Amino acid sequence: MAGPSTTDAGAPPGPRGRPSTTSTVLSQVLPGAAVAAVVALALTALSGAETYARLGLPDPGPVVTYGLPVVRALTESAAVVTAGLLLLAALLVPPRGLGWLGADGYRAVRIASWTAAAWAGGALVTGVFAVADAFARPLSVVLTTSTLSESLGGLPAARTWFLTAGVALCCAVVCRLGLSWLTTTGAFALSVLGLLPAAFGGHSGTGSAHDVAMNSLALHVVAAALWIGGLVAVLVHASVGGGDLATGLRRFSTTAFWCWVVLALSGTVNALLRVNPADLLTSTYGLLLLAKVTGLVVLGVFGAAHRTRTVPEVVAGSRAALVRLGGVEVLIMFATVGVAVALGRTPPPEMSGPLPTRVEALLGYSLDRPLDLTGLVTAARPDLLLGTAAVVAALAYLAGVRRLRRRGVSWPAARTASWLVGSAVLLVATSSGIGAYAPAQFSVHMLQQVLVMVVVAPAWVLGRPVALLAAVRPPAAEGPPGPVEWLAAVGRSRPGRVLTTPVAAGALFVGTGWVLDAGGLFDVLVTGHVGHLTMTVWALVAGCLLARAVTDPDRSTRARVATVLVAAAAQIALALTVGTSSRIVGAEYWRQLGLAFIDRPADQMAGAVVLAVAALPVLALAAVVRRPADVQVST
């Protein structure tokens with residue numbers, strides 16, 4: 001289907017005298033990016049030499065010392081604008097019929113293709129500067145020797161930025177080629193994914209409690225990008241006379257509020273892990289942290305003003321207050337980006353206490369005895385990502401059920417119980433002693449994966465959350481599409497239809513264990529917090545796809561039963577393979593950990609037993625398949 005005209009970045013003709021889309025974008029983005037770069041440069045100038053001296057490194061010269069924060073500030077500015085524009089196109093402004101982007105969404109995506117390209121280029125340049133910074137060498141030396149190529153294998157900072165560049169480039173390509181709402185949603189997901197490599201690096205990726213710090217910083221970075229970039233996108237949309245501004249602004253206002261909450265909470269957690277309260281006023285790191293806090297408070301005041309003043313004015317038809325107040329707010333936001341860049345360049349003050357042990361350096365915490373029933377509680381360690389997701393999922397579901405009851409509509413108690421059981425098990429699997437020992441002990445890792453894949457996933461699917469959402473928020477009739485329509489569109493899409501077939505879902509479920517445990521991928525992913533998080537999230541996704549496929553009454557009963565039987569048989573076969581193998585899964589990493597209280601061969605056998613037992617809940621899905629269609633998942 002042909003898209004809108006590409007004239008002026010796809011913008012529809014505006015009223016006479018209205019600035020063009022290009023000039024509007026430049027006027028909104030360039031001043032903010034310049035503010036971020038200037039703030040980062042100025043703050044680095046105050047502590048640049050001190051940073052290298054404290055680390056015992058020579059000064060690489062002014063080009064690297066001052067060029068890196070400037071380039072990084074510009075790169076991160078492009079990143080947040082890209083994420084915000086795609087947020088606008090995917091979720092804030094409505095598409096046309098049949099899932100194609102409207103003119104407003106098309107304009108935002110086309111602009112995002114350019115900002116994503118700038119993001120990719122900036123990430124490449126930042127990676128080069130990061131290599132020079134890490135080796136404390138002038139940029140000319142790095143570019144004329146083999147230092148750059150050698151850094152790809154052993155320097156995390158270089159890999160981080162080059163990976164970011166790759167994701168940003170993919171995002172730019174998708175933005176140029178895609179016209180559908182679903183493709184735009186995929187590009188938006190890519191933009192969020194591209195924010196994470198940098199979030200998982202830096203100060204938060206090292207030292208004690210780095211697991212908690214990395215999770216909190218990931219939440220912090222994503223929330224900041226959606227808030228800052230989203231506001232820039234809304235202002236561009238308002239300035240060029242985009243349609244459905246009231247709808248988009250109301251949605252963004254809700255998003256912005258929760259982003260502010262996440263920023264405040266995650267920032268507090270990260271700050272407590274990196275600096276003592278007594279050092280806030282006596283260290284450069286502490287002062288920069290206070291500057292960020294001040295900016296967050298000021299922006300919270302701006303947000304309150306938007307909710308009480310500008311949103312009602314936009315609903316009434318006036319955009320002037322939004323553009324004026326939002327323009328000032330954006331500059332303050334980009335100033336905080338500059339502060340954040342300078343903060344990332346500043347070493348935290350030395351915390352009192354002994355140096356981290358080898359186990360603490362690898363895991364973020366210490367383990368000194370085998371896991372037992374007492375350790376499930378005493379060794380509990382909160383997972384700020386998946387543990388928080390479990391709690392939020394339970395509360396959101398209960399809120400939906402309560403809203404239905406207020407209307408006099410009943411909701412099956414069995415579905416509520418199923419959802420709450422899944423949420424509780426996810427919380428235990430990720431935030432109790434199981435979550436703490438899973439990265440260090442194969443049998444506990446397998447227990448965690450099994451709980452997530454064959455307990456949490458089916459329980460959540462049988463809770464029928466999409467049906468609950470549809471009951472709480474009925475599909476829009478003539479108004480713009482909302483969450484119900486979004487989820488329905490994903491389910492009707494070709495990837496959605498294929499992935500929920502019994503054959504595809506069963507293949508992913510079976511293949512996950514074989515590729516990880518028998519294929520050697522586990523040995524790579526187990527070495528870091530991000531890898532372990534990836535395995536857990538994938539286990540949840542694969543389990544949900546299988547449960548959805550085999551409980552769908554619209555699918556052939558024979559195919560669903562066959563899928564369940566094959567999946568259970570594959571679990572048992574994998575258990576036999578792992579249990580009888582002479583190769584210790586993850587042997588090199590276990591050697592680095594050096595936990596003498598764990599007998600690795602015996603522990604691997606215990607993990608194989610857990611895998612075999614996991615076939616039982618898989619087989620239990622066959623009972624659901626044979627039940628009447630009204631208790632299966634048809635929505």
# chains A, B, ... in the order shown; residues from 1 in each chain; ligands from 1
$ residues_around --residues "Leu265 (chain A)" --least-positions-apart "5" --cutoff "12 Å" --atoms "only C-alpha atoms" --output "JSON, numbers by chain"
{"A": [215, 216, 217, 219, 220, 223, 258, 259, 260, 270, 271, 272, 293, 296, 384, 388]}
$ residues_around --residues "Val301 (chain A)" --least-positions-apart "5" --cutoff "12 Å" --atoms "only C-alpha atoms" --output "PDB file with N, CA and C atoms, in the first residue's frame"
ATOM      1  N   PHE A 257       4.438  10.508  33.898  1.00  0.00           N
ATOM      2  CA  PHE A 257       4.335  10.401  35.357  1.00  0.00           C
ATOM      3  C   PHE A 257       5.037   9.145  35.858  1.00  0.00           C
ATOM      4  N   TRP A 260       8.747   9.345  35.614  1.00  0.00           N
ATOM      5  CA  TRP A 260       9.311  10.138  36.711  1.00  0.00           C
ATOM      6  C   TRP A 260       9.429   9.292  37.972  1.00  0.00           C
ATOM      7  N   THR A 294      18.256  17.576  41.769  1.00  0.00           N
ATOM      8  CA  THR A 294      17.609  18.887  41.632  1.00  0.00           C
ATOM      9  C   THR A 294      16.868  18.994  40.306  1.00  0.00           C
ATOM     10  N   GLY A 295      17.520  18.546  39.241  1.00  0.00           N
ATOM     11  CA  GLY A 295      16.864  18.572  37.937  1.00  0.00           C
ATOM     12  C   GLY A 295      15.613  17.725  37.911  1.00  0.00           C
ATOM     13  N   LEU A 296      15.646  16.568  38.564  1.00  0.00           N
ATOM     14  CA  LEU A 296      14.478  15.691  38.589  1.00  0.00           C
ATOM     15  C   LEU A 296      13.324  16.337  39.338  1.00  0.00           C
ATOM     16  N   HIS A 306       2.050  20.566  33.597  1.00  0.00           N
ATOM     17  CA  HIS A 306       1.464  20.031  32.361  1.00  0.00           C
ATOM     18  C   HIS A 306       0.125  19.359  32.642  1.00  0.00           C
ATOM     19  N   ARG A 307       0.090  18.550  33.688  1.00  0.00           N
ATOM     20  CA  ARG A 307      -1.124  17.784  33.967  1.00  0.00           C
ATOM     21  C   ARG A 307      -2.274  18.697  34.378  1.00  0.00           C
ATOM     22  N   THR A 308      -1.954  19.775  35.084  1.00  0.00           N
ATOM     23  CA  THR A 308      -3.027  20.637  35.592  1.00  0.00           C
ATOM     24  C   THR A 308      -3.372  21.789  34.664  1.00  0.00           C
ATOM     25  N   ARG A 309      -2.441  22.162  33.759  1.00  0.00           N
ATOM     26  CA  ARG A 309      -2.683  23.346  32.934  1.00  0.00           C
ATOM     27  C   ARG A 309      -2.680  23.055  31.438  1.00  0.00           C
ATOM     28  N   LEU A 325       5.924  25.990  27.584  1.00  0.00           N
ATOM     29  CA  LEU A 325       6.388  25.318  28.797  1.00  0.00           C
ATOM     30  C   LEU A 325       7.225  24.090  28.454  1.00  0.00           C
ATOM     31  N   GLU A 329      11.133  22.975  29.422  1.00  0.00           N
ATOM     32  CA  GLU A 329      11.325  21.685  30.087  1.00  0.00           C
ATOM     33  C   GLU A 329      12.317  20.809  29.331  1.00  0.00           C
ATOM     34  N   ILE A 332      15.886  21.768  30.094  1.00  0.00           N
ATOM     35  CA  ILE A 332      16.310  21.276  31.411  1.00  0.00           C
ATOM     36  C   ILE A 332      16.581  19.776  31.348  1.00  0.00           C
TER      37      ILE A 332
END
$ closest_atom_pairs --of "region 482-584 of chain A" --to "region 180-200 of chain A" --cutoff "8 Å" --atoms "only C-alpha atoms" --output "tab-separated table"
residue	atom	partner	partner_atom	distance
A:Ala489	CA	A:Leu182	CA	7.6
A:Val490	CA	A:Leu182	CA	7.1
A:Ser493	CA	A:Leu182	CA	7.9
A:Val530	CA	A:Phe200	CA	7.7
$ write_last_selection --atoms "C-alpha atoms" --output "mmCIF file, in the first residue's frame"
data_model
loop_
_atom_site.group_PDB
_atom_site.id
_atom_site.type_symbol
_atom_site.label_atom_id
_atom_site.label_comp_id
_atom_site.auth_asym_id
_atom_site.auth_seq_id
_atom_site.Cartn_x
_atom_site.Cartn_y
_atom_site.Cartn_z
ATOM 1 C CA ALA A 489 -3.064 -6.479 16.127
ATOM 2 C CA VAL A 490 -0.010 -8.314 17.457
ATOM 3 C CA SER A 493 0.039 -10.404 12.677
ATOM 4 C CA VAL A 530 22.962 -9.774 31.362
#
$ closest_residue --among "A:Gly520, A:Gly528, A:Gly435, A:Pro474" --to "Ala361 (chain A)" --atoms "only C-alpha atoms"
A:Gly528
$ residues_around --residues "Ser140 (chain A)" --least-positions-apart "6" --cutoff "10 Å" --atoms "only C-alpha atoms" --output "PDB file with C-alpha atoms, in the first residue's frame"
ATOM      1  CA  VAL A  63      40.750  15.670  22.395  1.00  0.00           C
ATOM      2  CA  VAL A  64      39.907  12.464  24.267  1.00  0.00           C
ATOM      3  CA  ALA A 132      41.308   5.842  23.572  1.00  0.00           C
TER       4      ALA A 132
END
$ select_by_dssp --residues "region 458-577 of chain A" --states "alpha helix (DSSP H)" --output "PyMOL selection string"
chain A and resi 458-462+465-472+483-492+494-499+502-513+521-525+529-550+557-577
$ closest_residue --among "A:Leu621, A:Leu447, A:Ala316, A:Ala134" --to "Asp603 (chain A)" --atoms "only C-alpha atoms"
A:Leu447
$ closest_residue --among "A:Ala440, A:Leu521, A:Leu395, A:Ala116" --to "Trp590 (chain A)" --atoms "only C-alpha atoms"
A:Ala440
$ atom_distance --atom1 "CA of Gln28 (chain A)" --atom2 "CA of Ala321 (chain A)"
15.4 Å
$ residues_around --residues "Val484 (chain A)" --least-positions-apart "4" --cutoff "10 Å" --atoms "only C-alpha atoms" --output "VMD selection string"
chain A and resid 466 to 476 488 to 489
$ closest_residue --among "A:Val377, A:Ala569, A:Asp383, A:Pro465" --to "Tyr397 (chain A)" --atoms "only C-alpha atoms"
A:Pro465
